[in-house]
Each structure stands twice: as C-alpha cells, then as structure tokens.
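Trainee: Okay, handing you the structure first.
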Amino acid sequence: MSFFKRLKEKITHQTDTVTEKFKDGLSKTRNSFVGAMNDLVKNYRKVDEEFFEELEDILISADVGVHTVMDLIDELKDEARTRNIKDAVDLQPVISEKLAELLQKSDEETTLNIKENDLTVILFVGVNGVGKTTTIGKLAHKFKQEGKNVLLAAGDTFRAGAIEQLEVWGERVGVDVIKQQAGSDPAAVMYDAVQSAKSRNADVLLCDTAGRLQNKVNLMNELEKVKRVITREIPDAPHEVLLVLDATTGQNAMSQAKTFGKATDVSGIVLTKLDGTAKGGIVLAIRHELDIPVKLVGLGEGMDDLQEFQADQYVHGLFADVLAQSEEAAEDLDKY
Amino acid sequence: MAFEGLAERLQGTLNKIRGKGKVSEADVKEMMREVRLALLEADVNFKVVKQFIASVKERAVGQEVLQSLTPGQQVIKVVNEELTKLMGGEQSKIAAATKPPTVVMMVGLQGAGKTTTTGKLANYLRKKNNRNPLMVAADIYRPAAIKQLETLGKQLNMPVFSMGDQVSPVEIAKNAMEKAREEHHDYVLIDTAGRLHVDEELMNELAEIKELTQPDEILLVVDAMTGQDAVNVAESFNERLGITGVVLTKLDGDTRGGAALSVKAVTDTPIKFAGMGEKVDALEPFHPDRMASRILGMGDVLTLIEKAQTNVDEEKARELEKKIRSNDLTFDDFLEQLNQVKSMGPLDELLNMMPGAGKMKGLKNVQVDDKQLGHIEAIVQSMTKEEKQDPSLLNASRRRRIAKGSGTSIQEVNRLIKQFSEMKKMMKQMTGMQKGKKGKKKGGFNLPFM
C-alpha cells in the first residue's frame with residue numbers, strides 16, 4: 001500500500017471535524033509549501049544537483065533549519081541513488097515520506113499526561129508573546145468541556161495586564177483564577193495555587209508564567225524556583241511542562257527549546273499561530289536534534305482551535321494536495 | 001550564543017587557503033557557501049540571501065579578495081560592508097508632522113510586542129524629544145490589552161485614551177484624534193490589535209484607521225526572532241498599508257536577528273527602533289551597521305564603546321590614572337570602578353557585545369552574576385576607613401570580621417584582597433610601560449579596569 005493510502009486510512013478513523021480543523025488551519029501553510037514543491041517538480045524534471053539545491057531552499061524557507069535540511073537532503077540523495085530515481089516526479093513521494101518520518105520519529109506518547117482521579121499540574125513556559133496565556137485559556141475550555149474541574153494560576157506577575165488577561169479567560173471559560181497582586185513573587189502564587197487546587201479537589205491546575213527570553217539567567221533561575229515549589233508540594237508534579245513556541249519563530253526556537261528544556265525539563269511543545277503562513281518547520285529540527293515532541297497546536301483564534309498534535313493529521317494537512325495527486329496517479333496505475 | 005559567528009565558520013576554509021600564494025575562484029565559492037550558511041542560520045530569508053551572495057561574490061571574485069594578503073579578513077570586510085549597505089547606512093528618526101499632532105500607528109502580528117513598544121515609545125518621545133504623546137488603546141480583541149496599556153500609562157504617568165472593548169477601533173481612533181487636538185498632544189500613538197497578515201477583515205480595519213487618521217508614521221512591529229516568514233508578513237503589511245518604518249523587538253535575546261535584513265530588503269523602509277529589554281526605557285534607536293555585525297556574529301563593539309563613553313566620568317578617570325601612577329589606589333577607587341561598570345548595564349549583556357567573548361574558553365560558560373558584584377560591594381563596605389586606604393592592615397581577625405559583616409566567607413574576602421593587589425600591581429606596570437613609550441598611548445584609561 002502506498003504511504004499516503006496508509007496515512008489516509010489511519011486518519012479516517014478519526015472524526016472529520018478534527019481533520020477539517022487541521023486542513024483549514026494549515027491551508028495557508030500548505031498552499032505555499034505544496035505550491036513550491038509542485039513548481040519544483042515541474043521546473044526540474046530531472047533529479048540533479050540543481051533540483052536538490054532548490055529543494056534545500058524550499059525546506060529552509062519553512063524554517064526547518066540548515067542542519068536538519070542538510071541531513072535530510074543527504075538521505076534523499078542516497079535514496080535516489082539506491083532506488084535509481086531519475087525523475088523528479090518519482091522523488092516527490094519519497095520526500096513527503098521522509099518528512100513524515102521525521103515528524104513521527106518514534107512511537108512516543110504525544111498526548112498529554114493527564115492523571116485519572118487526581119490533580120494534574122501543567123506548567124507553561126516560553127519567551128514573550130508566544131501565546132502562553134491564550135493557550136491556557138483554550139486548554140481550560142477544552143478540559144472544562146470534558147467535565148473537569150479546572151483551576152488557573154496567574155504566575156505572570158510581571159507584564160502589565162497579564163493577570164487581567166488570564167482573568168478574562170477565566171470568566172469566559174467559567175473557571176477560577178488563583179492570583180496575587182502584580183509584582184508579587186510568582187513562586188508564592190504557585191504555592192497558593194497548588195494549595196487551593198488540593199483543597200478544592202481540582203482535576204487540572206494550569207500554571208501561567210511570565211514570558212522571558214532564555215538568555216536572562218536570573219529569570220530562568222526564577223522559573224526553576226517556580227517549578228521547584230510545585231514539586232515540593234506534589235512530588236510528581238508538574239506532570240507536564242509545556243514550552244509554547246510561536247510558529248513564526250526561526251532558528252532561535254532551538255535555543256529556546258534547549259535552554260528552557262534544561263531549566264524546567266520541558267515535556268512537550270505547544271506550537272501556536274500555525275494559521276498564518278508560517279510553517280513552524282523548526283519543530284522538525286527540534287525533533288531531529290532534541291527529541292521533544294509537539295503535543296498541542298494552535299490552528300486559529302477560536303476557543304476550539306487548540307488541538308492535540310497528531311503527526312498523521314499534520315502531515316495530511318501539509319500534503320493534502322499532494323495526497324490527492326498521488327492517489328490519482330495510483331488509480332491511473334490500477335487501471336492498467 | 002547558539003550559533004557560530006561567520007569568522008569561525010570561515011576559519012575552516014581559510015586554514016586550507018593559508019600558505020597558498022593565490023586564492024582561487026573555487027576557494028571564494030567555498031567561502032561564499034559558508035557565508036550563505038551563516039546568514040541562513042541567522043534567519044535571513046533565503047531569497048534575500050541569494051541576492052546578497054550574488055552581489056558579494058561579484059566583488060569578491062573581482063580583484064579585491066584575490067589580491068589581498070589576508071583573504072579571510074577581506075571576505076568578512078566585504079560581507080560586512082555589503083550587509084551594512086543593505087541594512088541602510090544611516091540611523092533614521094521618527095517622523096514629526098509639520099502640523100501636530102503627529103500620528104503613529106503600531107501594527108503587527110500577535111505577540112510581536114506592540115503594546116509594550118507603544119509604552120516605550122511614549123516614554124522615549126517624552127524623555128528624548130520632550131514631547132507630550134497620547135497613547136490610544138485600540139486593541140479591543142485581546143483580553144486585557146487595553147488594561148495593559150493603561151497600566152503602562154500609569155507606570156509612566158502618561159495619558160492613555162480608551163473607550164473600552166465594545167467600541168470599534170475606528171471609532172476609538174476618531175475620538176482619540178479629537179481629544180489629542182483638544183488637549184494639545186503633539187504625538188498620538190495608536191496601539192492596534194495583533195493580526196495575521198492573511199486576515200482580510202482585520203487588515204481592512206487597519207486600512208480604515210489609516211484612512212481616518214492619516215498617520216505620519218506606520219510602524220510595523222516585528223519580533224527579532226521571526227524566521228523565514230518575516231518576508232511574507234512584512235510584504236503583506238507593506239502592500240496593504242504602506243508602512244513607513246519598523247521596530248524590531250526582543251533584540252535583547254540571543255537571536256541573530258536575520259529577520260531585520262529580510263524585512264529591510266522587502267519593504268525598503270528603515271528600521272527605526274530596537275526593543276532591548278522588558279523595562280519601559282528599553283527602547284533604543286536602531287543602528288543598521290551594528291546589526292550587520294550581529295547577524296554575522298561579530299559582536300557589537302560600537303555599542304560597547306558608546307556605553308563606556310556615556311557612563312565613565314572623564315574627570316574621575318583622570319583622577320584615577322593619577323592615583324595609579326602614584327600607587328595610591330584604594331578600595332574606595334576599586335568600588336568606584338565597579339560601580340561604573342555596573343552602570344553600563346548587566347554584565348552578561350556587556351559580555352555579549354564583545355566580539356569573540358563567546359569563543360573565549362573561560363568566558364563561554366561563565367554565568368556572569370550581578371549578585372557577585374553585590375558581594376564585592378558588601379565586602380568593601382564592611383571595611384573601616386583605614387582598611388580601605390591601606391589593605392596591608394587586613395590581618396586574619398580583621399578579615400574574619402569583614403566576612404561576618406558582609407555576610408560572605410573568609411575565602412571570598414581573601415580572594416578579593418588578592419585580586420585587588422594583583423590589579424594594583426598590573427596597573428602600575430601598565431602605567432610604567434606607557435611612560436616608557438613616551439606617551440604614545442596617551443590617556444589610555446577610557447575604559448574602566450584597563
């Protein structure tokens with residue numbers, strides 16, 4: 001069975017709405033990416049050095065990152081040689097397959113680690129302006145829909161209006177926010193929040209933190225402390241530390257993943273703002289080099305637009321057009 | 001820094017060339033490949049890189065590099081020059097309308113830092129240009145965005161115009177203009193909501209605000225960490241609105257900021273300001289030439305020198321020089337020097353600006369902690385007047401007392417005393433040397449600790 005058929009089979013078991021969300025959310029991303037790929041195949045009929053150079057550009061334009069692209073191109077060159085592929089059209093599915101492999105690297109769990117019948121604490125970290133608070137609001141909505149008892153912790157005591165922003169989300173979703181005054185110690189807020197979550201028998205505690213650039217040593221130390229306070233109160237918490245990444249970010253995202261990973265043992269990535277033209281290709285590089293899985297993706301501004309990441313869906317979303325084409329091709333072949 | 005600089009990148013190629021009498025075209029090609037990778041790693045858009053390499057190659061393959069004695073340096077020089085040219089040589093200022101108020105619209109993607117920058121810009125205009133700006137909260141979409149600007153206004157003690165989040169941004173802008181004229185504000189800064197450049201509806205809204213307020217300046221706020229997509233974003237905003245300038249935010253991070261080059265290349269509008277920190281005064285005029293070095297990973301020497309110049313008191317420096325010559329340096333002077341360095345900003349920031357600081361073995365993993373400076377300060381302040389003047393008084397019992405008084409350990413006190421006496425020795429030698437050279441290096445004490 002062809003790769004795309006397998007992929008399609010896999011996702012037909014999932015609800016159509018989820019598939020649609022991915023398809024819609026990624027439409028801009030897909031259009032530009034696949035458009036470029038199709039042009040490539042059209043312009044370079046033969047698989048040669050120039051073809052690979054152009055392919056390199058396409059991948060780099062998706063922020064995949066130079067190192068990962070080089071590795072990928074090398075693999076593709078080997079593949080083309082061993083399989084004796086000469087026409088660009090024939091290499092196209094191989095390219096897609098390789099990309100998907102990178103995303104689906106291992107069988108690791110990409111779903112959130114949620115404890116049954118016990119408190120789950122999720123800590124959100126990241127640089128400024130990536131969408132931490134918005135992600136928390138959306139995730140709170142999702143958990144609330146599932147009938148869970150959700151509590152939010154306003155740990156961003158630094159940025160003007162951050163506490164209010166979380167409070168508005170709390171009101172919208174209908175969950176309580178544990179807060180202190182602006183400027184107070186975020187670790188103290190976390191302590192309070194964990195205590196309240198325990199006494200209220202909450203199911204999920206979502207902890208917001210102030211955005212910080214990863215090269216600010218003092219602020220990273222502060223973040224470590226916030227995490228330590230949580231762990232001191234509940235030894236196996238936080239159950240998830242999610243690094244929120246802006247899909248428009250370039251190579252610096254790698255530095256973010258490394259430094260935040262070191263300071264707080266990041267367990268997963270939330271990739272936000274994928275509904276623009278940005279491709280978030282840096283997650284490929286992060287998977288390639290650091291192996292931190294993407295767990296959630298933000299595909300739009302609506303409350304329901306935060307989705308659990310499914311590599312299959314993501315690849316399907318990216319390659320929906322390619323998929324249609326290769327199916328036609330496969331059908332044509334079947335006729336003969 | 002997360003990336004190697006161009007200089008280090010080129011090192012491999014250069015080692016091969018060394019010893020050769022002539023640099024071949026193939027060598028240049030290889031060097032250009034390294035330049036290309038360095039720029040791509042810095043997030044410069046690949047199309048921009050392509051054009052850039054083409055123009056540099058032309059110059060490089062021409063005479064300049066081939067005939068040069070140190071081709072590596074020559075290549076770096078050419079690259080740096082071309083990059084600076086591309087960034088726009090001169091620093092550019094914010095517009096001022098002939099008939100006030102000058103209207104400035106802040107636009108950009110979500111999370112780029114528009115609201116924070118609006119606050120910073122208001123502060124900048126008041127402090128540096130002696131203006132009286134009115135900030136306008138026109139972001140009715142993001143929860144608490146209005147509250148954020150109002151809080152900033154309160155912090156700065158500057159007026160913010162808002163009508164809540166139930167009124168359309170166009171209406172808000174209209175009323176704000178009236179109010180600005182009534183109250184004689186000379187600048188109106190309109191903070192708009194973040195939006196995707198592909199969101200037609202919201203882009204139309206911006207066009208309406210533009211139509212209504214006829215802004216003198218439309219500043220696109222761009223996150224310095226933006227990757228390849230910066231080109232698409234800048235192009236769309238520019239096409240739709242005709243931006244007049246760019247503000248690059250979060251430049252205090254460790255990003256190379258190649259987005260700056262991409263944005264400049266596709267919009268051909270100057271980058272006017274750079275956001276350099278979270279505090280309200282952390283907005284600086286943008287220096288294109290310095291950004292070129294940063295993208296290449298060559299440090300920001302000029303900024304460092306400028307910082308030193310503004311913060312070091314010339315008079316005090318001369319006095320110090322005299323003291324060193326006569327070997328009268330005391331702990332008080334030591335502390336003074338320390339404070340001057342401290343006033344230049346956080347130490348790790350200073351280190352980042354030094355070229356090669358990332359490469360120096362000892363410095364690479366040093367977490368420069370401003371707290372350590374605090375310890376030193378505490379130790380010196382725990383000394384008596386006599387002890388500060390004459391360190392030879394410091395016997396074991398005095399040291400113990402000082403350690404206790406400053407809340408540090410005896411080891412730390414010992415280390416400081418040792419450092420101090422070594423510094424004294426070194427400085428004595430240096431001044432001696434300078435005298436010997438018949439004043440060739442006159443006034444060598446422009447930098448603290450030199």
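Each chain in the structure tokens gets a letter, A, B and so on, in the order shown; residues start at 1 in every chain, and ligands are counted from 1 in the order they appear.
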Got a sec: who's within 12 Å of Lys127 (chain B), counting only C-alpha atoms, leaving out chain neighbours fewer than 3 positions off, as a VMD selection string?

Mentor: chain B and resid 120 to 124 130 to 133 156 158 280 to 281 283

Trainee: Tell me the residues of chain B close to chain A, meaning within 6 Å using only C-alpha atoms, as a list in words.

Mentor: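 Putting it all together, I get Asp43, Gly111, Pro143, Ala144, Lys147, Gln148, Thr151, Met225, Thr226, Gly227, Gln228, Asp229, Gly253 and Thr255 of chain B.
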
Trainee: Can you list, as number ranges by chain, every residue of region 181-264 of chain B that DSSP puts in helix (DSSP H, G or I)?

Mentor: B: 181-182, 200-213, 230-241, 259-264

Trainee: Quick one: residues within 10 Å of Leu76 (chain A), only C-alpha atoms counted, chain neighbours fewer than 5 positions away excluded, as a PyMOL selection string?

Mentor: chain A and resi 52+70-71+81-82+91+94-95+98

Trainee: Go ahead and write the residues just picked, C-alpha atoms, as a PDB file, in the first residue's frame.

Mentor:
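And here is the file that came out, part-v6.pdb:
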```pdb
ATOM      1  CA  PHE A  52      18.377  19.355  -4.625  1.00  0.00           C
ATOM      2  CA  MET A  70      21.390  19.088   5.094  1.00  0.00           C
ATOM      3  CA  ASP A  71      20.817  15.756   6.790  1.00  0.00           C
ATOM      4  CA  ARG A  81      20.753   6.646  -5.839  1.00  0.00           C
ATOM      5  CA  THR A  82      19.783   3.299  -4.322  1.00  0.00           C
ATOM      6  CA  LEU A  91      11.104  11.504  -5.865  1.00  0.00           C
ATOM      7  CA  VAL A  94       9.902   9.927  -1.106  1.00  0.00           C
ATOM      8  CA  ILE A  95      10.387  13.485   0.080  1.00  0.00           C
ATOM      9  CA  LYS A  98      10.955  11.343   4.762  1.00  0.00           C
TER      10      LYS A  98
END
```

Trainee: For a test of reading the model, state the distance in Å between CA of Asp252 (chain B) and CA of Gly275 (chain B), rounded to one decimal.

Mentor: 7.3 Å

Trainee: I'd like to know which residues of region 195-291 of chain B are strand (DSSP E) (by DSSP, run on the backbone); could you write them as a compact mmCIF listing (two decimals) with C-alpha atoms, in the first residue's frame?

Mentor:
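Below you can see selection33.txt, which holds the result:
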```txt
# COMPACT_ATOMS: atom_id res chain seq x y z
CA GLU B 217 4.20 57.02 10.60
CA ILE B 218 3.04 53.40 10.38
CA LEU B 219 5.45 51.28 12.32
CA LEU B 220 5.50 47.54 11.75
CA VAL B 221 6.49 45.83 14.98
CA VAL B 222 8.50 42.70 14.25
CA ASP B 223 9.78 40.08 16.67
CA GLY B 245 9.28 52.07 9.39
CA VAL B 246 9.97 49.00 11.50
CA VAL B 247 10.51 48.39 15.20
CA LEU B 248 12.50 45.28 15.96
CA THR B 249 11.60 43.84 19.37
CA ILE B 271 14.26 50.00 11.00
CA LYS B 272 13.81 52.86 13.40
CA PHE B 273 13.89 51.38 16.87
CA ALA B 274 15.00 48.28 18.70
CA GLY B 275 13.38 46.84 21.83
CA LEU B 283 13.88 51.22 23.54
CA GLU B 284 16.90 52.33 21.53
CA PRO B 285 17.40 53.92 18.16
```

Trainee: Find the spatial neighbours of Lys132 (chain A), counting only C-alpha atoms, within a cut-off of 12 Å - ignore same-chain residues fewer than 3 positions away - and output them as a PyMOL selection string.

Mentor: (chain A and resi 122-129+135-139+154-156+162+165-166+206-212+241-246+269-273+298) or (chain B and resi 110-111)

Trainee: Just write the chosen residues, N, CA and C atoms, as a CSV table (one decimal), in the first residue's frame.

Mentor:
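Contents of out-v1.csv, as written:
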```csv
chain,number,residue,atom,x,y,z
A,122,ILE,N,0.0,21.4,35.1
A,122,ILE,CA,0.6,21.7,33.9
A,122,ILE,C,1.3,23.1,34.0
A,123,LEU,N,2.6,23.1,33.7
A,123,LEU,CA,3.3,24.4,33.8
A,123,LEU,C,3.6,24.9,32.4
A,124,PHE,N,3.3,26.1,32.1
A,124,PHE,CA,3.5,26.7,30.8
A,124,PHE,C,4.7,27.7,30.8
A,125,VAL,N,5.7,27.4,29.9
A,125,VAL,CA,6.8,28.3,29.9
A,125,VAL,C,7.1,28.8,28.4
A,126,GLY,N,7.9,29.8,28.3
A,126,GLY,CA,8.2,30.3,26.9
A,126,GLY,C,8.6,31.7,26.9
A,127,VAL,N,9.1,32.2,25.8
A,127,VAL,CA,9.5,33.6,25.7
A,127,VAL,C,8.3,34.5,25.6
A,128,ASN,N,8.5,35.8,25.5
A,128,ASN,CA,7.4,36.8,25.5
A,128,ASN,C,6.6,36.7,24.2
A,129,GLY,N,5.3,36.8,24.3
A,129,GLY,CA,4.5,37.0,23.2
A,129,GLY,C,4.2,35.7,22.3
A,135,THR,N,-3.1,30.1,25.2
A,135,THR,CA,-3.1,28.7,25.1
A,135,THR,C,-3.8,28.1,26.4
A,136,ILE,N,-3.4,28.7,27.5
A,136,ILE,CA,-4.0,28.2,28.8
A,136,ILE,C,-5.5,28.4,28.8
A,137,GLY,N,-6.0,29.6,28.3
A,137,GLY,CA,-7.4,29.8,28.2
A,137,GLY,C,-8.1,28.8,27.3
A,138,LYS,N,-7.5,28.5,26.2
A,138,LYS,CA,-8.1,27.5,25.3
A,138,LYS,C,-8.1,26.1,25.9
A,139,LEU,N,-7.0,25.8,26.5
A,139,LEU,CA,-6.9,24.4,27.1
A,139,LEU,C,-7.9,24.3,28.3
A,154,ALA,N,-2.3,32.5,38.1
A,154,ALA,CA,-1.8,33.7,37.4
A,154,ALA,C,-0.3,33.9,37.8
A,155,GLY,N,0.6,33.2,37.2
A,155,GLY,CA,2.0,33.3,37.6
A,155,GLY,C,2.8,34.3,36.8
A,156,ASP,N,2.1,35.0,35.9
A,156,ASP,CA,2.8,36.1,35.2
A,156,ASP,C,2.5,37.4,36.0
A,162,ALA,N,-1.2,41.2,32.5
A,162,ALA,CA,-1.2,39.8,32.3
A,162,ALA,C,-2.2,39.0,33.2
A,165,GLN,N,-5.6,39.6,31.9
A,165,GLN,CA,-5.8,38.8,30.7
A,165,GLN,C,-6.3,37.3,31.0
A,166,LEU,N,-5.6,36.8,32.0
A,166,LEU,CA,-5.9,35.4,32.4
A,166,LEU,C,-7.3,35.4,33.1
A,206,LEU,N,-3.7,24.7,35.7
A,206,LEU,CA,-2.9,25.2,34.6
A,206,LEU,C,-2.1,26.5,35.1
A,207,CYS,N,-0.8,26.4,35.0
A,207,CYS,CA,0.0,27.4,35.6
A,207,CYS,C,0.7,28.3,34.5
A,208,ASP,N,0.3,29.6,34.6
A,208,ASP,CA,0.8,30.6,33.6
A,208,ASP,C,2.1,31.1,34.2
A,209,THR,N,3.1,31.5,33.4
A,209,THR,CA,4.3,32.1,33.9
A,209,THR,C,4.6,33.3,33.0
A,210,ALA,N,5.4,34.2,33.4
A,210,ALA,CA,5.8,35.4,32.6
A,210,ALA,C,6.7,35.0,31.5
A,211,GLY,N,6.5,35.6,30.3
A,211,GLY,CA,7.4,35.3,29.2
A,211,GLY,C,8.8,35.8,29.6
A,212,ARG,N,9.8,35.1,29.2
A,212,ARG,CA,11.1,35.5,29.4
A,212,ARG,C,12.0,35.0,28.3
A,241,VAL,N,5.4,19.9,31.5
A,241,VAL,CA,5.9,21.3,31.4
A,241,VAL,C,5.9,21.6,29.9
A,242,LEU,N,5.0,22.5,29.5
A,242,LEU,CA,4.8,22.7,28.1
A,242,LEU,C,5.5,24.0,27.6
A,243,LEU,N,6.4,23.9,26.7
A,243,LEU,CA,7.1,25.0,26.1
A,243,LEU,C,6.2,25.5,24.9
A,244,VAL,N,5.8,26.8,25.1
A,244,VAL,CA,4.9,27.4,24.0
A,244,VAL,C,5.9,28.0,23.0
A,245,LEU,N,5.7,27.6,21.7
A,245,LEU,CA,6.6,28.2,20.6
A,245,LEU,C,5.7,28.8,19.6
A,246,ASP,N,6.1,30.0,19.1
A,246,ASP,CA,5.5,30.7,18.1
A,246,ASP,C,5.9,30.1,16.7
A,269,ILE,N,5.9,20.4,23.5
A,269,ILE,CA,5.8,21.7,22.8
A,269,ILE,C,4.4,22.0,22.4
A,270,VAL,N,4.0,23.3,22.6
A,270,VAL,CA,2.7,23.8,22.0
A,270,VAL,C,3.2,24.7,20.9
A,271,LEU,N,2.8,24.4,19.7
A,271,LEU,CA,3.1,25.2,18.5
A,271,LEU,C,1.9,26.1,18.2
A,272,THR,N,2.1,27.4,18.4
A,272,THR,CA,1.0,28.3,18.2
A,272,THR,C,1.1,29.1,16.9
A,273,LYS,N,0.0,29.7,16.5
A,273,LYS,CA,-0.1,30.6,15.4
A,273,LYS,C,0.2,29.9,14.0
A,298,GLY,N,-1.9,25.3,17.9
A,298,GLY,CA,-2.9,26.3,17.8
A,298,GLY,C,-3.2,26.6,16.3
B,110,GLN,N,0.3,39.1,16.2
B,110,GLN,CA,0.1,38.9,17.7
B,110,GLN,C,1.4,38.6,18.4
B,111,GLY,N,1.6,39.2,19.5
B,111,GLY,CA,2.8,38.8,20.3
B,111,GLY,C,4.1,39.4,19.9
```

Trainee: With a distance cut-off of 8 Å and only C-alpha atoms, select the neighbouring residues of Gly153 (chain B), excluding the residue or stretch itself and same-chain residues fewer than 5 positions from it, and output the selection as a PyMOL selection string.

Mentor: chain B and resi 119+135+158-160

Trainee: Compile the contact shell of Asp87 (chain A) as a PyMOL selection string: residues with an atom at most 12 Å away, counting only C-alpha atoms, same-chain residues fewer than 4 positions apart removed.

Mentor: chain A and resi 40-48+51+80-81+83+91-94

Trainee: CA of Val89 (chain A) to CA of Lys77 (chain A): how many Å, to one decimal?

Mentor: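 Between CA of Val89 (chain A) and CA of Lys77 (chain A) the gap is 14.6 Å.
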
Trainee: Do you know which residues are at most 8 Å from Thr102 (chain B) counting only C-alpha atoms, after dropping those on the same chain fewer than 2 positions away, and could you put them as a compact mmCIF listing (two decimals) with N, CA and C atoms, in the first residue's frame?

Mentor:
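Below you can see selection-v4.txt, which holds the result:
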```txt
# COMPACT_ATOMS: atom_id res chain seq x y z
N ALA B 95 9.17 60.27 12.51
CA ALA B 95 8.60 61.42 11.79
C ALA B 95 8.02 62.46 12.74
N ALA B 96 7.99 63.68 12.29
CA ALA B 96 7.32 64.74 13.02
C ALA B 96 6.49 65.53 12.02
N ALA B 97 5.18 65.62 12.27
CA ALA B 97 4.31 66.30 11.32
C ALA B 97 4.53 67.80 11.40
N LYS B 99 2.21 69.87 11.01
CA LYS B 99 1.09 70.37 11.80
C LYS B 99 0.71 69.27 12.81
N PRO B 100 1.03 69.50 14.08
CA PRO B 100 0.75 68.46 15.07
C PRO B 100 -0.75 68.20 15.19
N VAL B 104 1.10 58.19 14.93
CA VAL B 104 1.90 56.99 14.72
C VAL B 104 1.01 55.76 14.96
N ASP B 186 1.18 66.44 21.06
CA ASP B 186 1.89 66.58 19.80
C ASP B 186 2.15 65.24 19.10
N TYR B 187 1.92 64.15 19.84
CA TYR B 187 2.01 62.83 19.22
C TYR B 187 0.80 61.98 19.62
N VAL B 188 0.30 61.20 18.69
CA VAL B 188 -0.76 60.24 19.00
C VAL B 188 -0.25 58.86 18.62
N PRO B 215 -2.04 58.77 9.26
CA PRO B 215 -0.83 58.73 10.10
C PRO B 215 0.43 59.19 9.35
N ASP B 216 1.34 59.82 10.09
CA ASP B 216 2.62 60.22 9.51
C ASP B 216 3.60 59.07 9.55
N GLU B 217 3.28 58.13 10.41
CA GLU B 217 4.20 57.02 10.60
C GLU B 217 3.39 55.76 10.87
```

Trainee: What gap, in Å, lies between CA of Pro235 (chain A) and CA of Arg287 (chain A)?

Mentor: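 Interatomic distance here is 28.1 Å.
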